[in-house]
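Novice: mmCIF, C-alpha atoms, file my_file32.cif:
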```cif
data_query
#
loop_
_atom_site.group_PDB
_atom_site.id
_atom_site.type_symbol
_atom_site.label_atom_id
_atom_site.label_comp_id
_atom_site.auth_asym_id
_atom_site.auth_seq_id
_atom_site.Cartn_x
_atom_site.Cartn_y
_atom_site.Cartn_z
ATOM 1 C CA MET A 1 137.823 84.534 128.747
ATOM 2 C CA TYR A 2 140.654 82.001 128.389
ATOM 3 C CA TYR A 3 143.808 83.803 127.348
ATOM 4 C CA PRO A 4 146.674 81.624 126.120
ATOM 5 C CA HIS A 5 150.228 82.718 126.810
ATOM 6 C CA ALA A 6 149.434 84.318 130.146
ATOM 7 C CA GLY A 7 153.173 84.135 130.937
ATOM 8 C CA LEU A 8 156.204 85.377 129.070
ATOM 9 C CA ILE A 9 157.259 84.100 125.645
ATOM 10 C CA ALA A 10 160.386 84.442 123.504
ATOM 11 C CA GLY A 11 160.149 86.335 120.238
ATOM 12 C CA PHE A 12 162.878 86.804 117.634
ATOM 13 C CA HIS A 13 163.348 89.681 115.201
ATOM 14 C CA GLY A 14 165.582 89.526 112.126
ATOM 15 C CA CYS A 15 167.555 92.696 111.425
ATOM 16 C CA LYS A 16 170.976 94.111 110.606
ATOM 17 C CA LEU A 17 173.801 93.335 113.025
ATOM 18 C CA SER A 18 174.254 97.073 113.659
ATOM 19 C CA VAL A 19 170.592 97.392 114.708
ATOM 20 C CA ARG A 20 170.804 94.354 116.993
ATOM 21 C CA ASN A 21 173.943 95.688 118.680
ATOM 22 C CA LYS A 22 172.330 99.074 119.347
ATOM 23 C CA ILE A 23 169.251 97.396 120.853
ATOM 24 C CA VAL A 24 171.077 95.023 123.200
ATOM 25 C CA SER A 25 173.618 97.671 124.262
ATOM 26 C CA GLY A 26 170.853 100.132 125.146
ATOM 27 C CA LYS A 27 171.914 102.710 122.540
ATOM 28 C CA GLU A 28 168.439 102.273 121.039
ATOM 29 C CA THR A 29 165.456 101.845 123.344
ATOM 30 C CA GLY A 30 163.624 99.418 121.088
ATOM 31 C CA LEU A 31 162.681 98.312 117.601
ATOM 32 C CA LEU A 32 160.618 100.545 115.338
ATOM 33 C CA HIS A 33 156.966 99.933 114.513
ATOM 34 C CA SER A 34 156.333 98.699 110.995
ATOM 35 C CA ASN A 35 153.621 100.730 109.274
ATOM 36 C CA ASN A 36 153.535 99.161 105.816
ATOM 37 C CA SER A 37 150.244 98.756 103.972
ATOM 38 C CA TYR A 38 151.018 95.039 103.534
ATOM 39 C CA ASP A 39 151.788 94.154 107.185
ATOM 40 C CA TRP A 40 149.515 91.128 107.494
ATOM 41 C CA LEU A 41 148.926 91.454 111.251
ATOM 42 C CA GLY A 42 148.576 95.223 111.099
ATOM 43 C CA HIS A 43 151.030 97.816 112.297
ATOM 44 C CA GLY A 44 153.510 97.138 115.074
ATOM 45 C CA ILE A 45 156.781 95.399 115.931
ATOM 46 C CA TYR A 46 157.099 91.945 114.366
ATOM 47 C CA PHE A 47 158.601 88.826 115.941
ATOM 48 C CA TRP A 48 158.800 85.125 115.118
ATOM 49 C CA GLU A 49 157.539 83.143 118.085
ATOM 50 C CA ASN A 50 160.261 80.742 119.362
ATOM 51 C CA ASN A 51 161.946 80.705 115.939
ATOM 52 C CA PRO A 52 165.356 82.428 115.742
ATOM 53 C CA GLN A 53 166.244 80.421 112.612
ATOM 54 C CA ARG A 54 163.319 81.886 110.642
ATOM 55 C CA ALA A 55 164.177 85.365 111.910
ATOM 56 C CA LEU A 56 167.749 84.984 110.618
ATOM 57 C CA GLN A 57 166.501 83.621 107.293
ATOM 58 C CA PHE A 58 164.239 86.675 106.945
ATOM 59 C CA ALA A 59 167.127 89.062 107.742
ATOM 60 C CA LYS A 60 169.292 87.427 105.055
ATOM 61 C CA GLU A 61 166.483 87.598 102.473
ATOM 62 C CA ALA A 62 165.684 91.232 103.322
ATOM 63 C CA LEU A 63 169.319 92.318 102.895
ATOM 64 C CA ALA A 64 169.527 90.407 99.590
ATOM 65 C CA ARG A 65 166.368 92.178 98.312
ATOM 66 C CA GLN A 66 167.901 95.522 99.292
ATOM 67 C CA LYS A 67 171.137 94.497 97.527
ATOM 68 C CA ASP A 68 172.925 95.327 100.783
ATOM 69 C CA ASN A 69 176.260 93.491 100.607
ATOM 70 C CA VAL A 70 177.774 95.454 103.494
ATOM 71 C CA SER A 71 175.419 94.855 106.413
ATOM 72 C CA LYS A 72 175.426 91.527 108.247
ATOM 73 C CA PRO A 73 172.151 89.784 109.141
ATOM 74 C CA ALA A 74 171.441 89.146 112.811
ATOM 75 C CA VAL A 75 168.708 88.232 115.278
ATOM 76 C CA VAL A 76 167.654 89.962 118.477
ATOM 77 C CA GLY A 77 165.552 88.118 121.024
ATOM 78 C CA ALA A 78 162.799 89.661 123.135
ATOM 79 C CA VAL A 79 160.985 88.621 126.285
ATOM 80 C CA ILE A 80 157.333 89.372 125.565
ATOM 81 C CA SER A 81 154.032 89.412 127.400
ATOM 82 C CA LEU A 82 151.263 89.377 124.800
ATOM 83 C CA GLY A 83 148.836 91.255 127.079
ATOM 84 C CA LYS A 84 145.380 91.283 125.532
ATOM 85 C CA CYS A 85 146.114 89.435 122.303
ATOM 86 C CA LEU A 86 144.077 89.169 119.121
ATOM 87 C CA ASP A 87 145.153 85.545 118.713
ATOM 88 C CA LEU A 88 144.152 84.356 115.249
ATOM 89 C CA LEU A 89 144.386 80.740 116.384
ATOM 90 C CA ASP A 90 141.283 81.395 118.520
ATOM 91 C CA SER A 91 137.814 80.967 116.978
ATOM 92 C CA ALA A 92 136.266 83.955 118.776
ATOM 93 C CA ASN A 93 138.992 86.250 117.451
ATOM 94 C CA LEU A 94 138.624 84.892 113.928
ATOM 95 C CA ASN A 95 134.944 85.819 114.133
ATOM 96 C CA LEU A 96 135.934 89.373 115.174
ATOM 97 C CA VAL A 97 138.179 89.646 112.121
ATOM 98 C CA LYS A 98 135.462 88.302 109.812
ATOM 99 C CA ARG A 99 132.968 90.813 111.204
ATOM 100 C CA ALA A 100 135.508 93.616 110.781
ATOM 101 C CA TYR A 101 135.957 92.606 107.134
ATOM 102 C CA LEU A 102 132.197 92.699 106.494
ATOM 103 C CA GLN A 103 131.911 96.140 108.124
ATOM 104 C CA LEU A 104 134.908 97.534 106.242
ATOM 105 C CA SER A 105 133.643 96.048 102.975
ATOM 106 C CA ASP A 106 130.251 97.704 103.494
ATOM 107 C CA ILE A 107 131.837 101.090 104.265
ATOM 108 C CA MET A 108 134.136 100.936 101.227
ATOM 109 C CA SER A 109 131.322 99.777 98.954
ATOM 110 C CA LYS A 110 129.072 102.676 100.022
ATOM 111 C CA ALA A 111 131.952 105.086 99.385
ATOM 112 C CA ASN A 112 132.560 103.417 95.995
ATOM 113 C CA ILE A 113 136.173 102.640 96.974
ATOM 114 C CA PRO A 114 137.635 99.218 96.089
ATOM 115 C CA LEU A 115 138.977 97.089 98.899
ATOM 116 C CA PRO A 116 142.724 96.455 98.828
ATOM 117 C CA LYS A 117 143.817 92.949 97.798
ATOM 118 C CA ASN A 118 146.300 90.359 98.991
ATOM 119 C CA ILE A 119 148.694 89.737 96.105
ATOM 120 C CA LYS A 120 151.814 87.794 95.241
ATOM 121 C CA ALA A 121 155.250 89.340 95.576
ATOM 122 C CA ALA A 122 157.303 89.227 92.375
ATOM 123 C CA ASP A 123 159.698 86.607 93.787
ATOM 124 C CA SER A 124 157.173 84.523 95.764
ATOM 125 C CA ILE A 125 156.037 80.958 95.186
ATOM 126 C CA LYS A 126 152.833 80.387 93.172
ATOM 127 C CA ASN A 127 150.264 80.561 95.983
ATOM 128 C CA ASP A 128 152.109 82.794 98.468
ATOM 129 C CA LYS A 129 150.250 86.083 98.747
ATOM 130 C CA LEU A 130 152.922 87.888 100.751
ATOM 131 C CA ILE A 131 151.682 91.422 100.057
ATOM 132 C CA ARG A 132 148.731 91.354 102.449
ATOM 133 C CA GLN A 133 147.120 94.758 101.924
ATOM 134 C CA LEU A 134 143.580 93.458 102.492
ATOM 135 C CA ASP A 135 144.506 91.673 105.718
ATOM 136 C CA CYS A 136 146.333 94.764 106.991
ATOM 137 C CA ALA A 137 143.349 96.999 106.216
ATOM 138 C CA VAL A 138 140.955 94.624 108.023
ATOM 139 C CA ILE A 139 143.179 94.327 111.122
ATOM 140 C CA GLU A 140 143.740 98.087 111.244
ATOM 141 C CA TYR A 141 139.990 98.698 110.930
ATOM 142 C CA LEU A 142 139.368 96.243 113.767
ATOM 143 C CA MET A 143 142.002 97.948 115.907
ATOM 144 C CA ASP A 144 140.480 101.367 115.252
ATOM 145 C CA GLU A 145 137.141 100.016 116.446
ATOM 146 C CA ASN A 146 138.603 98.137 119.419
ATOM 147 C CA LYS A 147 141.698 99.837 120.797
ATOM 148 C CA SER A 148 142.169 97.439 123.728
ATOM 149 C CA PHE A 149 144.397 94.879 121.961
ATOM 150 C CA ASP A 150 148.108 94.930 122.799
ATOM 151 C CA SER A 151 149.242 92.355 120.252
ATOM 152 C CA VAL A 152 148.211 90.164 117.326
ATOM 153 C CA ARG A 153 149.320 86.552 116.805
ATOM 154 C CA GLY A 154 148.819 84.367 113.751
ATOM 155 C CA ILE A 155 150.090 81.404 111.815
ATOM 156 C CA PHE A 156 151.603 82.146 108.429
ATOM 157 C CA THR A 157 151.785 79.470 105.720
ATOM 158 C CA GLU A 158 154.609 80.245 103.340
ATOM 159 C CA GLY A 159 157.128 78.634 101.033
ATOM 160 C CA LYS A 160 157.534 75.333 99.217
ATOM 161 C CA GLU A 161 155.656 72.161 100.095
ATOM 162 C CA LEU A 162 157.787 69.949 102.341
ATOM 163 C CA TYR A 163 156.876 67.024 100.052
ATOM 164 C CA PRO A 164 154.442 66.555 97.133
ATOM 165 C CA GLY A 165 150.879 67.181 98.282
ATOM 166 C CA ALA A 166 151.962 68.312 101.756
ATOM 167 C CA GLY A 167 149.919 70.739 103.819
ATOM 168 C CA PHE A 168 153.163 71.964 105.401
ATOM 169 C CA ARG A 169 155.512 74.536 103.863
ATOM 170 C CA ASP A 170 159.199 75.115 104.506
ATOM 171 C CA LYS A 171 158.642 78.650 105.865
ATOM 172 C CA ASP A 172 155.519 78.087 108.007
ATOM 173 C CA HIS A 173 155.731 80.017 111.259
ATOM 174 C CA ILE A 174 153.839 81.782 114.016
ATOM 175 C CA GLN A 175 154.290 85.522 113.941
ATOM 176 C CA ILE A 176 153.547 88.116 116.583
ATOM 177 C CA CYS A 177 152.845 91.797 116.054
ATOM 178 C CA ILE A 178 153.305 93.908 119.175
ATOM 179 C CA ARG A 179 151.221 97.063 119.078
ATOM 180 C CA ASN A 180 151.836 98.100 122.695
ATOM 181 C CA PRO A 181 155.631 98.399 123.203
ATOM 182 C CA ASN A 182 155.165 97.935 126.956
ATOM 183 C CA CYS A 183 154.569 94.244 126.161
ATOM 184 C CA ILE A 184 158.296 93.928 125.425
ATOM 185 C CA LYS A 185 159.948 93.316 128.786
ATOM 186 C CA GLY A 186 163.537 93.146 127.548
ATOM 187 C CA TYR A 187 165.865 92.314 124.666
ATOM 188 C CA PHE A 188 168.625 89.710 124.598
ATOM 189 C CA LEU A 189 171.271 88.080 122.424
ATOM 190 C CA PRO A 190 170.133 84.568 121.464
ATOM 191 C CA LEU A 191 172.587 81.901 122.609
ATOM 192 C CA ALA A 192 173.959 79.156 120.381
ATOM 193 C CA GLU A 193 172.923 75.677 121.442
ATOM 194 C CA ASN A 194 175.463 73.791 123.570
ATOM 195 C CA LYS A 195 175.710 70.515 121.628
ATOM 196 C CA THR A 196 177.154 68.557 124.577
ATOM 197 C CA PHE A 197 173.827 68.690 126.433
ATOM 198 C CA ARG A 198 170.321 67.731 125.468
ATOM 199 C CA VAL A 199 167.841 70.505 124.650
ATOM 200 C CA VAL A 200 165.654 71.433 127.649
#
```
Could you show the structure in this file as structure tokens?

Specialist:
Amino acid sequence: MYYPHAGLIAGFHGCKLSVRNKIVSGKETGLLHSNNSYDWLGHGIYFWENNPQRALQFAKEALARQKDNVSKPAVVGAVISLGKCLDLLDSANLNLVKRAYLQLSDIMSKANIPLPKNIKAADSIKNDKLIRQLDCAVIEYLMDENKSFDSVRGIFTEGKELYPGAGFRDKDHIQICIRNPNCIKGYFLPLAENKTFRVV
């Protein structure tokens, strides 16, 4: 009943400079949906909420993994309306996801098919399960059962502890997955901060 983010928000997507330039110039109409089996919020277009620095960090890491020494990393901003959002910071939505897991688990068990698992990437930190095949399967099952969601939003804990025993990690972020591309109202080039004025 109470939908957060009823207005517009800023999302940031890390990519190659060539991709960003095509998007903001209108040569490309938009970013492509990600359809990987490990997409933790399911399939769609991924953005970091209000976090261009993390988007740039991701772009640099992705190019390094691809051993791409030619392309330059960049960030494109987007003005987004989340529409009807499966917000995973909301208790009611977490209950929907839990119920979807139980239903999917029952179906797979009856078919004698093992559920996918969330696993570590080869280069990830000890507890980071970055390959989220189970989470993706659960979200996709939920979306197949309830096609009315436009977006998914969740908090992602990732990286090294900020200090010994900390509950905070150096790559923690809120991520958004846009399933309905009509939620993206426009793309923009993020501006550098003007250091002579205070942040507003």

Novice: Return as CSV the residues of segment 112-153 of chain A lying at most 8 Å from segment 34-58 of chain A, together with the closest atom-to-atom pair for each and the distance in Å to one decimal, counting only C-alpha atoms, with rows in chain order and ascending residue number.

Specialist:
```
residue,atom,partner,partner_atom,distance
A:Leu130,CA,A:Tyr38,CA,7.9
A:Ile131,CA,A:Tyr38,CA,5.1
A:Arg132,CA,A:Tyr38,CA,4.5
A:Gln133,CA,A:Tyr38,CA,4.2
A:Leu134,CA,A:Tyr38,CA,7.7
A:Asp135,CA,A:Trp40,CA,5.3
A:Cys136,CA,A:Gly42,CA,4.7
A:Ala137,CA,A:Gly42,CA,7.4
A:Ile139,CA,A:Gly42,CA,5.5
A:Glu140,CA,A:Gly42,CA,5.6
A:Val152,CA,A:Leu41,CA,6.3
A:Arg153,CA,A:Leu41,CA,7.4
```

Novice: Tell me, in Å to one decimal, how far atom CA of His173 of chain A is from atom CA of Lys84 of chain A.

Specialist: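 So the two atoms, atom CA of His173 of chain A and atom CA of Lys84 of chain A, lie 20.9 Å apart.
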
Novice: Provide an axis-aligned box for all listed atoms of segment 99-107 of chain A, padding each side by 8 Å; report its centre and its edge lengths in Å to one decimal, as AutoDock Vina command-line options.

Specialist:
```
--center_x 133.1 --center_y 96.0 --center_z 107.1 --size_x 21.7 --size_y 26.3 --size_z 24.2
```

Novice: Tell me which protein, DNA and RNA residues are within 9 Å of Val97 of chain A, counting all atoms listed in the file, leaving out same-chain ones fewer than 3 positions away, and put them as JSON, numbers by chain.

Specialist: {"A": [88, 92, 93, 94, 100, 101, 102, 138, 139, 142]}

Novice: Would you translate the PyMOL selection byres ((chain A and resi 183) around 9) into the concrete set of residues it matches in this file, as a VMD selection string?

Specialist: chain A and resid 79 to 83 150 to 151 178 to 182 184 to 185

Novice: Would you work out the distance separating atom CA of Asn21 of chain A from atom CA of Ala192 of chain A, expressed in Å to one decimal?

Specialist: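 Spanning atom CA of Asn21 of chain A to atom CA of Ala192 of chain A is a straight-line distance of 16.6 Å.
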
Novice: Can you tell me which residues surround Lys160 of chain A at a distance of at most 9 Å, considering all atoms listed in the file, apart from same-chain residues fewer than 4 positions away, and format the answer as a ChimeraX atom specification?

Specialist: /A:125,168-171

Novice: How many Å separate atom CA of Leu8 of chain A from atom CA of Tyr141 of chain A?

Specialist: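 Atom-to-atom, atom CA of Leu8 of chain A and atom CA of Tyr141 of chain A are spaced 27.7 Å apart.
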
Novice: Counting all atoms listed in the file, which residues in segment 29-89 of chain A sit no more than 7 Å from segment 16-19 of chain A? For each one, give the nearest pair of atoms and the distance in Å, sorted by chain then residue number, as JSON lines.

Specialist:
```
{"residue": "A:Ala59", "atom": "CA", "partner": "A:Lys16", "partner_atom": "CA", "distance": 7.0}
{"residue": "A:Ser71", "atom": "CA", "partner": "A:Lys16", "partner_atom": "CA", "distance": 6.2}
{"residue": "A:Lys72", "atom": "CA", "partner": "A:Leu17", "partner_atom": "CA", "distance": 5.4}
{"residue": "A:Pro73", "atom": "CA", "partner": "A:Lys16", "partner_atom": "CA", "distance": 4.7}
{"residue": "A:Ala74", "atom": "CA", "partner": "A:Leu17", "partner_atom": "CA", "distance": 4.8}
```

Novice: Near segment 22-30 of chain A, counting all atoms listed in the file, which residues have an atom at most 8 Å away, once you skip same-chain residues fewer than 5 positions from it, shown as a list of chain:residue names?

Specialist: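 Here the qualifying residues turn out to be A:Val76, A:Tyr187, A:Phe188, A:Leu189.
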
Novice: Take the residues from that selection and put them in a file with C-alpha atoms, as a PDB file, in the coordinates of the input.

Specialist:
```pdb
ATOM      1  CA  VAL A  76     167.654  89.962 118.477  1.00  0.00           C
ATOM      2  CA  TYR A 187     165.865  92.314 124.666  1.00  0.00           C
ATOM      3  CA  PHE A 188     168.625  89.710 124.598  1.00  0.00           C
ATOM      4  CA  LEU A 189     171.271  88.080 122.424  1.00  0.00           C
TER       5      LEU A 189
END
```

Novice: Which is closest to Gln175 of chain A among A:Gly154, A:Pro190, A:Pro116, A:Gly159, if we use only C-alpha atoms?

Specialist: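 For Gln175 of chain A, the nearest of the given residues is A:Gly154.
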
Novice: Looking at only C-alpha atoms, which of A:Cys177, A:Ile155, A:Ala62, A:Ala78 is the one that sits closest to Ala10 of chain A?

Specialist: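 Smallest separation from Ala10 of chain A among the options: A:Ala78.
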
Novice: Counting only C-alpha atoms, which of A:Gly186, A:Lys60, A:Ser91, A:Leu86 gets nearest to Leu31 of chain A?

Specialist: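 Looking only at the distances to Leu31 of chain A, the closest residue turns out to be A:Gly186.
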